$ cat my_file_33.cif   # mmCIF, C-alpha atoms and all ligand atoms
data_input
#
loop_
_atom_site.group_PDB
_atom_site.id
_atom_site.type_symbol
_atom_site.label_atom_id
_atom_site.label_comp_id
_atom_site.auth_asym_id
_atom_site.auth_seq_id
_atom_site.Cartn_x
_atom_site.Cartn_y
_atom_site.Cartn_z
ATOM 1 C CA MET A 1 18.876 37.406 -41.366
ATOM 2 C CA HIS A 2 18.209 35.536 -44.589
ATOM 3 C CA LEU A 3 20.406 32.694 -43.321
ATOM 4 C CA LEU A 4 18.535 32.601 -40.002
ATOM 5 C CA ARG A 5 15.181 32.362 -41.801
ATOM 6 C CA LEU A 6 16.578 29.595 -43.971
ATOM 7 C CA ALA A 7 17.787 27.636 -40.917
ATOM 8 C CA ALA A 8 14.414 28.011 -39.159
ATOM 9 C CA ALA A 9 12.574 26.861 -42.297
ATOM 10 C CA SER A 10 14.898 23.850 -42.636
ATOM 11 C CA LEU A 11 14.324 22.881 -38.995
ATOM 12 C CA ALA A 12 10.543 23.177 -39.417
ATOM 13 C CA ALA A 13 10.744 21.017 -42.580
ATOM 14 C CA LEU A 14 12.875 18.457 -40.711
ATOM 15 C CA LEU A 15 10.338 18.239 -37.865
ATOM 16 C CA LEU A 16 7.530 17.768 -40.431
ATOM 17 C CA VAL A 17 9.370 14.911 -42.091
ATOM 18 C CA PHE A 18 10.710 13.387 -38.851
ATOM 19 C CA PRO A 19 8.168 14.330 -36.152
ATOM 20 C CA ALA A 20 9.502 11.465 -34.012
ATOM 21 C CA ALA A 21 12.822 13.291 -33.732
ATOM 22 C CA ALA A 22 11.124 15.698 -31.324
ATOM 23 C CA GLN A 23 9.557 12.918 -29.239
ATOM 24 C CA PHE A 24 10.838 10.881 -26.335
ATOM 25 C CA GLN A 25 11.692 7.316 -27.377
ATOM 26 C CA PRO A 26 11.848 4.880 -24.443
ATOM 27 C CA GLN A 27 14.836 2.516 -24.486
ATOM 28 C CA VAL A 28 14.783 -0.839 -22.703
ATOM 29 C CA GLY A 29 17.475 -0.594 -20.015
ATOM 30 C CA GLN A 30 17.123 3.169 -19.569
ATOM 31 C CA ALA A 31 17.801 4.480 -16.073
ATOM 32 C CA GLY A 32 15.044 4.833 -13.503
ATOM 33 C CA LYS A 33 15.732 5.967 -9.952
ATOM 34 C CA ASP A 34 16.171 2.609 -8.208
ATOM 35 C CA VAL A 35 15.864 0.204 -11.144
ATOM 36 C CA ILE A 36 16.105 0.376 -14.934
ATOM 37 C CA TRP A 37 13.133 0.004 -17.277
ATOM 38 C CA VAL A 38 12.477 -3.470 -18.661
ATOM 39 C CA PRO A 39 8.849 -4.183 -19.580
ATOM 40 C CA THR A 40 7.010 -7.249 -18.242
ATOM 41 C CA PRO A 41 6.001 -9.554 -21.137
ATOM 42 C CA ASP A 42 2.273 -9.593 -21.950
ATOM 43 C CA GLU A 43 1.643 -13.165 -20.749
ATOM 44 C CA VAL A 44 3.226 -12.372 -17.369
ATOM 45 C CA VAL A 45 1.123 -9.181 -17.052
ATOM 46 C CA GLU A 46 -1.961 -11.290 -17.814
ATOM 47 C CA ARG A 47 -1.086 -13.896 -15.141
ATOM 48 C CA MET A 48 -0.242 -11.236 -12.523
ATOM 49 C CA LEU A 49 -3.679 -9.661 -12.949
ATOM 50 C CA ARG A 50 -5.429 -13.062 -13.099
ATOM 51 C CA MET A 51 -3.640 -14.463 -10.027
ATOM 52 C CA ALA A 52 -4.784 -11.335 -8.150
ATOM 53 C CA GLN A 53 -8.321 -12.000 -9.492
ATOM 54 C CA VAL A 54 -8.694 -8.351 -10.504
ATOM 55 C CA THR A 55 -12.274 -7.188 -11.043
ATOM 56 C CA PRO A 56 -13.903 -3.813 -11.872
ATOM 57 C CA ASN A 57 -14.170 -3.240 -8.094
ATOM 58 C CA ASP A 58 -10.395 -3.121 -7.752
ATOM 59 C CA TYR A 59 -7.936 -0.271 -7.616
ATOM 60 C CA VAL A 60 -4.670 -1.587 -9.070
ATOM 61 C CA ILE A 61 -1.425 0.315 -8.458
ATOM 62 C CA ASP A 62 1.733 -0.588 -10.378
ATOM 63 C CA LEU A 63 4.878 0.448 -8.523
ATOM 64 C CA GLY A 64 7.416 1.612 -11.124
ATOM 65 C CA ALA A 65 5.036 1.800 -14.076
ATOM 66 C CA GLY A 66 7.441 1.983 -17.034
ATOM 67 C CA ASP A 67 5.370 2.382 -20.214
ATOM 68 C CA GLY A 68 2.181 1.888 -18.177
ATOM 69 C CA LYS A 69 1.361 -1.544 -19.600
ATOM 70 C CA ILE A 70 0.202 -3.148 -16.315
ATOM 71 C CA ALA A 71 -1.997 -0.209 -15.269
ATOM 72 C CA ILE A 72 -3.405 -0.025 -18.812
ATOM 73 C CA ALA A 73 -4.124 -3.794 -18.984
ATOM 74 C CA ALA A 74 -5.838 -3.679 -15.567
ATOM 75 C CA ALA A 75 -8.212 -0.981 -16.833
ATOM 76 C CA LYS A 76 -8.650 -2.233 -20.388
ATOM 77 C CA ASN A 77 -8.921 -5.993 -19.883
ATOM 78 C CA PHE A 78 -10.219 -6.226 -16.306
ATOM 79 C CA GLY A 79 -12.290 -3.016 -15.989
ATOM 80 C CA ALA A 80 -10.387 -1.955 -12.858
ATOM 81 C CA ARG A 81 -9.380 1.553 -11.819
ATOM 82 C CA SER A 82 -5.633 1.812 -11.890
ATOM 83 C CA MET A 83 -2.635 4.023 -11.307
ATOM 84 C CA GLY A 84 0.984 3.609 -12.314
ATOM 85 C CA ILE A 85 3.722 5.398 -10.370
ATOM 86 C CA GLU A 86 6.772 6.130 -12.534
ATOM 87 C CA TYR A 87 9.821 8.128 -11.443
ATOM 88 C CA ASN A 88 11.205 9.069 -14.877
ATOM 89 C CA PRO A 89 9.124 12.159 -15.891
ATOM 90 C CA GLU A 90 9.456 11.554 -19.639
ATOM 91 C CA MET A 91 8.504 7.909 -19.201
ATOM 92 C CA ALA A 92 5.504 8.854 -17.037
ATOM 93 C CA LYS A 93 4.338 11.244 -19.785
ATOM 94 C CA HIS A 94 4.900 8.591 -22.443
ATOM 95 C CA ALA A 95 2.924 6.037 -20.367
ATOM 96 C CA GLN A 96 0.063 8.500 -19.878
ATOM 97 C CA GLY A 97 0.103 8.940 -23.689
ATOM 98 C CA ASN A 98 -0.167 5.143 -24.014
ATOM 99 C CA ALA A 99 -3.189 5.197 -21.675
ATOM 100 C CA GLU A 100 -4.767 7.863 -23.906
ATOM 101 C CA LYS A 101 -4.089 5.772 -27.025
ATOM 102 C CA ALA A 102 -5.651 2.743 -25.295
ATOM 103 C CA GLY A 103 -8.741 4.849 -24.468
ATOM 104 C CA VAL A 104 -8.595 4.076 -20.735
ATOM 105 C CA THR A 105 -7.907 7.476 -19.172
ATOM 106 C CA ALA A 106 -11.300 7.450 -17.437
ATOM 107 C CA ARG A 107 -10.004 4.592 -15.277
ATOM 108 C CA ALA A 108 -6.203 4.529 -15.606
ATOM 109 C CA ARG A 109 -3.579 7.199 -15.021
ATOM 110 C CA ILE A 110 0.167 7.263 -14.769
ATOM 111 C CA VAL A 111 1.657 9.731 -12.334
ATOM 112 C CA GLN A 112 5.229 10.874 -11.984
ATOM 113 C CA GLY A 113 6.361 9.963 -8.502
ATOM 114 C CA ASP A 114 8.674 7.972 -6.293
ATOM 115 C CA ILE A 115 7.286 4.686 -4.982
ATOM 116 C CA PHE A 116 8.985 5.439 -1.665
ATOM 117 C CA VAL A 117 7.142 8.745 -1.368
ATOM 118 C CA THR A 118 3.846 8.540 -3.300
ATOM 119 C CA ASP A 119 0.964 7.089 -1.273
ATOM 120 C CA PHE A 120 -0.219 3.706 -2.573
ATOM 121 C CA THR A 121 -2.130 2.554 0.517
ATOM 122 C CA GLN A 122 -5.521 2.832 -1.215
ATOM 123 C CA ALA A 123 -4.702 0.014 -3.668
ATOM 124 C CA THR A 124 -6.649 -3.225 -3.415
ATOM 125 C CA VAL A 125 -4.078 -4.827 -5.744
ATOM 126 C CA LEU A 126 -0.380 -3.933 -5.982
ATOM 127 C CA THR A 127 1.808 -5.007 -8.886
ATOM 128 C CA MET A 128 5.563 -4.641 -9.246
ATOM 129 C CA TYR A 129 8.581 -5.607 -11.284
ATOM 130 C CA LEU A 130 11.394 -4.098 -9.263
ATOM 131 C CA LEU A 131 14.311 -5.853 -7.503
ATOM 132 C CA PRO A 132 14.559 -8.149 -4.443
ATOM 133 C CA ALA A 133 16.030 -5.369 -2.270
ATOM 134 C CA LEU A 134 13.276 -2.940 -3.312
ATOM 135 C CA ASN A 135 10.539 -5.508 -2.526
ATOM 136 C CA LEU A 136 12.115 -5.979 0.889
ATOM 137 C CA LYS A 137 12.274 -2.224 1.469
ATOM 138 C CA LEU A 138 8.586 -1.892 0.547
ATOM 139 C CA ARG A 139 7.563 -4.943 2.607
ATOM 140 C CA PRO A 140 6.795 -3.214 5.944
ATOM 141 C CA GLN A 141 4.534 -0.737 4.153
ATOM 142 C CA ILE A 142 2.812 -3.511 2.215
ATOM 143 C CA LEU A 143 2.259 -5.588 5.367
ATOM 144 C CA ALA A 144 0.667 -2.524 7.003
ATOM 145 C CA MET A 145 -1.924 -2.265 4.198
ATOM 146 C CA ARG A 146 -5.532 -3.385 4.591
ATOM 147 C CA PRO A 147 -5.674 -7.156 5.203
ATOM 148 C CA GLY A 148 -6.777 -8.851 2.009
ATOM 149 C CA THR A 149 -4.778 -6.526 -0.269
ATOM 150 C CA ARG A 150 -3.370 -8.679 -3.105
ATOM 151 C CA VAL A 151 0.198 -8.315 -4.326
ATOM 152 C CA ALA A 152 1.703 -9.674 -7.556
ATOM 153 C CA SER A 153 5.407 -9.407 -8.346
ATOM 154 C CA HIS A 154 7.191 -10.301 -11.563
ATOM 155 C CA SER A 155 10.468 -12.200 -10.977
ATOM 156 C CA PHE A 156 11.206 -11.110 -7.412
ATOM 157 C CA THR A 157 10.170 -12.525 -4.047
ATOM 158 C CA MET A 158 9.552 -10.933 -0.648
ATOM 159 C CA ASP A 159 12.426 -12.785 1.022
ATOM 160 C CA ASP A 160 11.091 -14.908 3.931
ATOM 161 C CA TRP A 161 7.455 -13.811 3.379
ATOM 162 C CA GLU A 162 6.646 -16.877 1.303
ATOM 163 C CA ALA A 163 4.381 -16.459 -1.693
ATOM 164 C CA ASP A 164 0.836 -17.866 -1.656
ATOM 165 C CA GLU A 165 1.240 -18.714 -5.336
ATOM 166 C CA THR A 166 4.145 -18.995 -7.757
ATOM 167 C CA SER A 167 3.377 -19.272 -11.459
ATOM 168 C CA SER A 168 5.833 -19.588 -14.286
ATOM 169 C CA MET A 169 5.642 -18.786 -17.948
ATOM 170 C CA ASP A 170 8.425 -19.473 -20.351
ATOM 171 C CA GLY A 171 11.030 -19.423 -17.564
ATOM 172 C CA ARG A 172 9.640 -16.255 -15.945
ATOM 173 C CA ARG A 173 8.022 -16.290 -12.550
ATOM 174 C CA ALA A 174 5.161 -14.351 -11.046
ATOM 175 C CA TYR A 175 4.589 -14.402 -7.287
ATOM 176 C CA PHE A 176 1.412 -13.666 -5.366
ATOM 177 C CA TRP A 177 0.650 -12.750 -1.750
ATOM 178 C CA VAL A 178 -2.383 -11.697 0.261
ATOM 179 C CA VAL A 179 -1.667 -9.190 3.037
ATOM 180 C CA PRO A 180 -2.548 -11.015 6.270
ATOM 181 C CA ALA A 181 -4.389 -9.518 9.239
ATOM 182 C CA ASN A 182 -2.342 -9.171 12.398
ATOM 183 C CA VAL A 183 -3.631 -11.793 14.860
ATOM 184 C CA MET A 184 -0.514 -12.448 16.940
ATOM 185 C CA GLY A 185 -1.119 -12.500 20.691
ATOM 186 C CA SER A 186 -3.644 -13.497 23.339
ATOM 187 C CA TRP A 187 -7.384 -13.477 22.789
ATOM 188 C CA THR A 188 -10.456 -14.280 24.854
ATOM 189 C CA LEU A 189 -12.508 -16.730 22.814
ATOM 190 C CA GLU A 190 -16.193 -17.218 23.548
ATOM 191 C CA VAL A 191 -17.879 -20.153 21.826
ATOM 192 C CA THR A 192 -21.682 -20.341 21.998
ATOM 193 C CA GLY A 193 -23.778 -23.228 20.666
ATOM 194 C CA GLY A 194 -25.786 -26.311 21.584
ATOM 195 C CA GLY A 195 -27.282 -24.438 24.537
ATOM 196 C CA ALA A 196 -23.904 -23.708 26.143
ATOM 197 C CA SER A 197 -21.316 -20.974 26.180
ATOM 198 C CA GLU A 198 -17.641 -21.317 27.022
ATOM 199 C CA LYS A 199 -14.866 -18.742 27.471
ATOM 200 C CA MET A 200 -11.252 -19.745 26.870
ATOM 201 C CA GLU A 201 -7.893 -18.125 26.340
ATOM 202 C CA LEU A 202 -6.592 -18.425 22.785
ATOM 203 C CA THR A 203 -2.924 -17.743 22.018
ATOM 204 C CA LEU A 204 -1.831 -17.224 18.425
ATOM 205 C CA GLU A 205 1.681 -17.177 17.015
ATOM 206 C CA GLN A 206 2.075 -15.588 13.602
ATOM 207 C CA ARG A 207 4.768 -15.349 10.947
ATOM 208 C CA PHE A 208 3.294 -13.456 7.986
ATOM 209 C CA GLN A 209 0.286 -15.558 6.774
ATOM 210 C CA LYS A 210 1.305 -18.637 8.791
ATOM 211 C CA ILE A 211 -0.332 -19.124 12.171
ATOM 212 C CA GLU A 212 -0.386 -21.689 14.929
ATOM 213 C CA GLY A 213 -1.676 -21.559 18.458
ATOM 214 C CA THR A 214 -3.109 -23.067 21.591
ATOM 215 C CA LEU A 215 -6.339 -22.936 23.534
ATOM 216 C CA ALA A 216 -6.411 -23.159 27.332
ATOM 217 C CA LEU A 217 -8.661 -26.070 28.368
ATOM 218 C CA GLY A 218 -8.211 -26.023 32.146
ATOM 219 C CA ALA A 219 -4.540 -26.792 32.752
ATOM 220 C CA THR A 220 -4.086 -28.102 29.196
ATOM 221 C CA GLN A 221 -2.751 -25.923 26.390
ATOM 222 C CA ALA A 222 -4.540 -27.705 23.569
ATOM 223 C CA GLY A 223 -2.859 -27.259 20.212
ATOM 224 C CA LEU A 224 -4.875 -25.847 17.319
ATOM 225 C CA ARG A 225 -5.255 -27.917 14.170
ATOM 226 C CA GLU A 226 -5.274 -26.665 10.597
ATOM 227 C CA ALA A 227 -4.925 -23.024 11.620
ATOM 228 C CA ARG A 228 -5.162 -20.834 8.533
ATOM 229 C CA LEU A 229 -5.089 -17.114 7.863
ATOM 230 C CA ARG A 230 -5.868 -15.608 4.483
ATOM 231 C CA GLY A 231 -6.175 -11.815 4.513
ATOM 232 C CA PHE A 232 -8.882 -11.205 7.121
ATOM 233 C CA SER A 233 -10.280 -14.766 6.960
ATOM 234 C CA ILE A 234 -9.241 -17.093 9.752
ATOM 235 C CA ALA A 235 -9.996 -20.763 10.419
ATOM 236 C CA PHE A 236 -8.791 -23.272 12.994
ATOM 237 C CA SER A 237 -9.957 -26.407 14.785
ATOM 238 C CA TYR A 238 -9.523 -27.882 18.236
ATOM 239 C CA VAL A 239 -10.625 -30.955 20.178
ATOM 240 C CA ASP A 240 -12.309 -30.012 23.463
ATOM 241 C CA GLY A 241 -12.238 -31.711 26.877
ATOM 242 C CA LYS A 242 -15.043 -34.080 25.817
ATOM 243 C CA SER A 243 -13.262 -35.341 22.686
ATOM 244 C CA VAL A 244 -15.420 -33.182 20.413
ATOM 245 C CA ARG A 245 -13.718 -31.530 17.482
ATOM 246 C CA ARG A 246 -14.828 -27.999 16.612
ATOM 247 C CA ASP A 247 -14.053 -26.306 13.305
ATOM 248 C CA LEU A 248 -14.152 -22.512 13.556
ATOM 249 C CA ALA A 249 -14.101 -20.042 10.658
ATOM 250 C CA GLY A 250 -14.531 -16.299 10.727
ATOM 251 C CA ARG A 251 -13.231 -12.827 9.997
ATOM 252 C CA VAL A 252 -10.694 -10.628 11.717
ATOM 253 C CA SER A 253 -11.423 -6.964 12.187
ATOM 254 C CA GLY A 254 -8.716 -5.240 14.218
ATOM 255 C CA GLY A 255 -8.875 -6.519 17.793
ATOM 256 C CA ARG A 256 -12.000 -8.578 17.199
ATOM 257 C CA MET A 257 -12.691 -11.829 15.354
ATOM 258 C CA GLU A 258 -15.990 -13.585 14.910
ATOM 259 C CA GLY A 259 -17.624 -16.342 12.948
ATOM 260 C CA GLY A 260 -19.346 -19.680 13.118
ATOM 261 C CA PHE A 261 -18.373 -23.191 14.133
ATOM 262 C CA ARG A 262 -19.374 -26.745 13.442
ATOM 263 C CA ALA A 263 -18.622 -29.641 15.763
ATOM 264 C CA ASP A 264 -18.339 -33.300 14.850
ATOM 265 C CA ASN A 265 -21.166 -34.125 17.307
ATOM 266 C CA GLY A 266 -23.526 -32.162 15.037
ATOM 267 C CA THR A 267 -23.721 -28.918 17.022
ATOM 268 C CA GLU A 268 -23.249 -25.577 15.350
ATOM 269 C CA GLY A 269 -22.870 -22.124 16.781
ATOM 270 C CA ARG A 270 -21.048 -18.810 16.853
ATOM 271 C CA TRP A 271 -17.776 -17.571 18.276
ATOM 272 C CA ILE A 272 -16.297 -14.209 19.118
ATOM 273 C CA ALA A 273 -12.743 -13.428 20.151
ATOM 274 C CA THR A 274 -11.432 -10.173 21.551
ATOM 275 C CA LYS A 275 -7.767 -9.287 21.777
ATOM 276 C CA LYS A 276 -6.380 -8.998 25.303
HETATM 277 C C1 LIG B 1 11.627 -3.048 -14.452
HETATM 278 S S1 LIG B 1 10.657 -1.652 -14.884
HETATM 279 C C2 LIG B 1 9.002 -2.293 -14.780
HETATM 280 C C3 LIG B 1 7.983 -1.481 -15.569
HETATM 281 C C4 LIG B 1 6.542 -2.009 -15.494
HETATM 282 N N1 LIG B 1 6.074 -2.104 -14.135
HETATM 283 C C5 LIG B 1 6.450 -3.361 -16.140
HETATM 284 O O1 LIG B 1 6.424 -4.367 -15.384
HETATM 285 O O2 LIG B 1 6.418 -3.440 -17.369
HETATM 286 C C6 LIG B 1 10.793 -0.629 -13.420
HETATM 287 C C7 LIG B 1 10.350 0.819 -13.595
HETATM 288 O O3 LIG B 1 10.417 1.466 -12.320
HETATM 289 C C8 LIG B 1 10.854 2.797 -12.505
HETATM 290 N N2 LIG B 1 11.415 3.239 -11.218
HETATM 291 C C9 LIG B 1 12.651 3.006 -10.715
HETATM 292 N N3 LIG B 1 12.763 3.514 -9.470
HETATM 293 C C10 LIG B 1 11.576 4.105 -9.182
HETATM 294 C C11 LIG B 1 11.079 4.811 -8.053
HETATM 295 N N4 LIG B 1 11.801 5.002 -6.951
HETATM 296 N N5 LIG B 1 9.816 5.282 -8.100
HETATM 297 C C12 LIG B 1 9.047 5.084 -9.224
HETATM 298 N N6 LIG B 1 9.466 4.422 -10.315
HETATM 299 C C13 LIG B 1 10.713 3.940 -10.300
HETATM 300 C C14 LIG B 1 11.843 2.707 -13.629
HETATM 301 O O4 LIG B 1 12.004 3.963 -14.268
HETATM 302 C C15 LIG B 1 11.188 1.645 -14.526
HETATM 303 O O5 LIG B 1 10.364 2.244 -15.496
#

$ encode --input "my_file_33.cif" --output "C-alpha cells"
Amino acid sequence: MHLLRLAAASLAALLLVFPAAAQFQPQVGQAGKDVIWVPTPDEVVERMLRMAQVTPNDYVIDLGAGDGKIAIAAAKNFGARSMGIEYNPEMAKHAQGNAEKAGVTARARIVQGDIFVTDFTQATVLTMYLLPALNLKLRPQILAMRPGTRVASHSFTMDDWEADETSSMDGRRAYFWVVPANVMGSWTLEVTGGGASEKMELTLEQRFQKIEGTLALGATQAGLREARLRGFSIAFSYVDGKSVRRDLAGRVSGGRMEGGFRADNGTEGRWIATKK
C-alpha cells in the first residue's frame, strides 16, 4: 500500500515537472490516413491565401489540416471564416488548441474528419497540400462546386486541369484554379441593341476553364474569338454578317447567361442565352 502511494506520488511529481510528457507531440512525417503530415511553409501559406484573394467574406476550408496553420492564417491574417479537416484525431485536437492559442476560435475551427467523407461544398476557397492522386480523386467534387470557388494547392497539380496561376517560392510551387461554370453545349443567343434584335444558335465546347465555339450566321458557323470563362464570368467576340465585331461579356447562371455587348460600329446592347 505504502509502495503504491509512493509510486502514485512519484508519477504526479513527474507530470508536474514534465507536463509535456502527457501531451501529444506532433512529428513531421507522422502518418495520416492518405498522406503524412508535413506543414506548408509560412510564405507558401501566405501566397496560397493571397492568390485566392481571401477576404473576410470567405469561408476557407483546408483539406487535411495538419496543425491547422492554413485555417488559422486565413482567420487571423485575412479575417475569413475557416475550417480545417484533419483525419488524425490527436492532430485535430492539437490544431484546435493552436486555434485557441491564436485567439481565432470565433472564426476558425479544426474538425476531425475524412476529406472524402466530410462535406466541404460550402467553401468559397479550398486549400490543400495532399498528393497528385488525392487531388485527382477530389477533382470531380471540386468541379461540381459553385462556379467561382477558388482552389489553392501546395506542390501538387490537378493533372490536365491546368492551373490559372502557378507561383513559386524558394523552389516550392503553389497552384491556383477557379471552378468554372458548365457552359458546354448548344444555346439560343438573343442579341438586342441599336434598335434590332437577333436570335442565333451558339455552340460551346469546353475543357475545364477553356472554351471555344461557333455561332450560326445563316449557313456559316462563325468561329468565336477570344472566348474566355472565369468562374461564372464569360466573354467572347464574333464578327457578324455585316463585318461588325461584337464583344460580349456576361454571367452564367445554370442554363442561362446574360450580359452586355459593345460593337465596333459604336452600338451597345444586351444579350441573353438559354441552354437548349
Ligand atoms: C501534407 S499535410 C498538410 C497539412 C496542412 N494542410 C499544411 O499544409 O500545413 C496533410 C495532412 O492531411 C492529413 N490527412 C491525410 N489523409 C486525410 C484524410 N483522408 N482526411 C483528412 N485528413 C487527412 C494528414 O494527417 C496530414 O496532417

$ residues_near_point --input "my_file_33.cif" --point "(5.9, -3.1, -14.5)" --cutoff "9 Å" --atoms "only C-alpha atoms" --output "PyMOL selection string"
chain A and resi 37-40+45+62-71+84+127-130+153-154

$ write_last_selection --input "my_file_33.cif" --atoms "C-alpha atoms" --output "short mmCIF file (atom, residue, chain, number, x, y, z; two decimals), in the frame of the given file"
data_model
loop_
_atom_site.label_atom_id
_atom_site.label_comp_id
_atom_site.auth_asym_id
_atom_site.auth_seq_id
_atom_site.Cartn_x
_atom_site.Cartn_y
_atom_site.Cartn_z
CA TRP A 37 13.13 0.00 -17.28
CA VAL A 38 12.48 -3.47 -18.66
CA PRO A 39 8.85 -4.18 -19.58
CA THR A 40 7.01 -7.25 -18.24
CA VAL A 45 1.12 -9.18 -17.05
CA ASP A 62 1.73 -0.59 -10.38
CA LEU A 63 4.88 0.45 -8.52
CA GLY A 64 7.42 1.61 -11.12
CA ALA A 65 5.04 1.80 -14.08
CA GLY A 66 7.44 1.98 -17.03
CA ASP A 67 5.37 2.38 -20.21
CA GLY A 68 2.18 1.89 -18.18
CA LYS A 69 1.36 -1.54 -19.60
CA ILE A 70 0.20 -3.15 -16.32
CA ALA A 71 -2.00 -0.21 -15.27
CA GLY A 84 0.98 3.61 -12.31
CA THR A 127 1.81 -5.01 -8.89
CA MET A 128 5.56 -4.64 -9.25
CA TYR A 129 8.58 -5.61 -11.28
CA LEU A 130 11.39 -4.10 -9.26
CA SER A 153 5.41 -9.41 -8.35
CA HIS A 154 7.19 -10.30 -11.56
#

$ atom_distance --input "my_file_33.cif" --atom1 "atom CA of A:Gly103" --atom2 "atom CA of A:Tyr59"
17.6 Å

$ residues_around --input "my_file_33.cif" --residues "A:Met91" --least-positions-apart "4" --cutoff "10 Å" --atoms "all atoms listed in the file" --output "PyMOL selection string"
chain A and resi 24-27+30+32+37+65-68+86-87+95-97+110-112

$ atom_distance --input "my_file_33.cif" --atom1 "atom CA of A:Asn182" --atom2 "atom CA of A:Gly223"
19.7 Å

$ closest_residue --input "my_file_33.cif" --among "A:Ala80, A:Val183, A:Ala133, A:Leu143" --to "ligand LIG 1 (chain B)" --atoms "only C-alpha atoms and all ligand atoms"
A:Ala133

$ residues_near_point --input "my_file_33.cif" --point "(7.4, -15.9, -10.0)" --cutoff "12 Å" --atoms "all atoms listed in the file" --output "compact mmCIF listing (two decimals) with C-alpha atoms, keeping the file's coordinate frame"
# COMPACT_ATOMS: atom_id res chain seq x y z
CA THR A 40 7.01 -7.25 -18.24
CA VAL A 44 3.23 -12.37 -17.37
CA VAL A 45 1.12 -9.18 -17.05
CA ARG A 47 -1.09 -13.90 -15.14
CA MET A 48 -0.24 -11.24 -12.52
CA MET A 51 -3.64 -14.46 -10.03
CA MET A 128 5.56 -4.64 -9.25
CA TYR A 129 8.58 -5.61 -11.28
CA PRO A 132 14.56 -8.15 -4.44
CA VAL A 151 0.20 -8.32 -4.33
CA ALA A 152 1.70 -9.67 -7.56
CA SER A 153 5.41 -9.41 -8.35
CA HIS A 154 7.19 -10.30 -11.56
CA SER A 155 10.47 -12.20 -10.98
CA PHE A 156 11.21 -11.11 -7.41
CA THR A 157 10.17 -12.52 -4.05
CA MET A 158 9.55 -10.93 -0.65
CA GLU A 162 6.65 -16.88 1.30
CA ALA A 163 4.38 -16.46 -1.69
CA ASP A 164 0.84 -17.87 -1.66
CA GLU A 165 1.24 -18.71 -5.34
CA THR A 166 4.14 -19.00 -7.76
CA SER A 167 3.38 -19.27 -11.46
CA SER A 168 5.83 -19.59 -14.29
CA MET A 169 5.64 -18.79 -17.95
CA ASP A 170 8.43 -19.47 -20.35
CA GLY A 171 11.03 -19.42 -17.56
CA ARG A 172 9.64 -16.26 -15.94
CA ARG A 173 8.02 -16.29 -12.55
CA ALA A 174 5.16 -14.35 -11.05
CA TYR A 175 4.59 -14.40 -7.29
CA PHE A 176 1.41 -13.67 -5.37
CA TRP A 177 0.65 -12.75 -1.75

$ residues_around --input "my_file_33.cif" --residues "A:Arg246" --least-positions-apart "4" --cutoff "9 Å" --atoms "only C-alpha atoms" --output "MDAnalysis selection string"
chainID A and resid 236:240 261:265 267:268

$ residues_around --input "my_file_33.cif" --residues "stretch 191-199 of chain A" --least-positions-apart "3" --cutoff "10 Å" --atoms "all atoms listed in the file" --output "list in words"
Thr188, Leu202, Ala216, Leu217, Arg246, Leu248, Glu258, Gly259, Gly260, Phe261, Arg262, Ala263, Gly266, Thr267, Glu268, Gly269, Arg270, Trp271, Ile272 and Ala273 of chain A

$ resolve_selection --input "my_file_33.cif" --expression "the PyMOL selection byres (((chain A and resi 252) around 7) and not hetatm)" --output "PyMOL selection string"
chain A and resi 181+232-234+250-251+253-254+256-258

$ atom_distance --input "my_file_33.cif" --atom1 "atom CA of A:Thr124" --atom2 "atom CA of A:Phe208"
18.3 Å

$ residues_around --input "my_file_33.cif" --residues "A:Leu215" --least-positions-apart "6" --cutoff "9 Å" --atoms "all atoms listed in the file" --output "number ranges by chain"
A: 189, 200-204, 221-224, 238
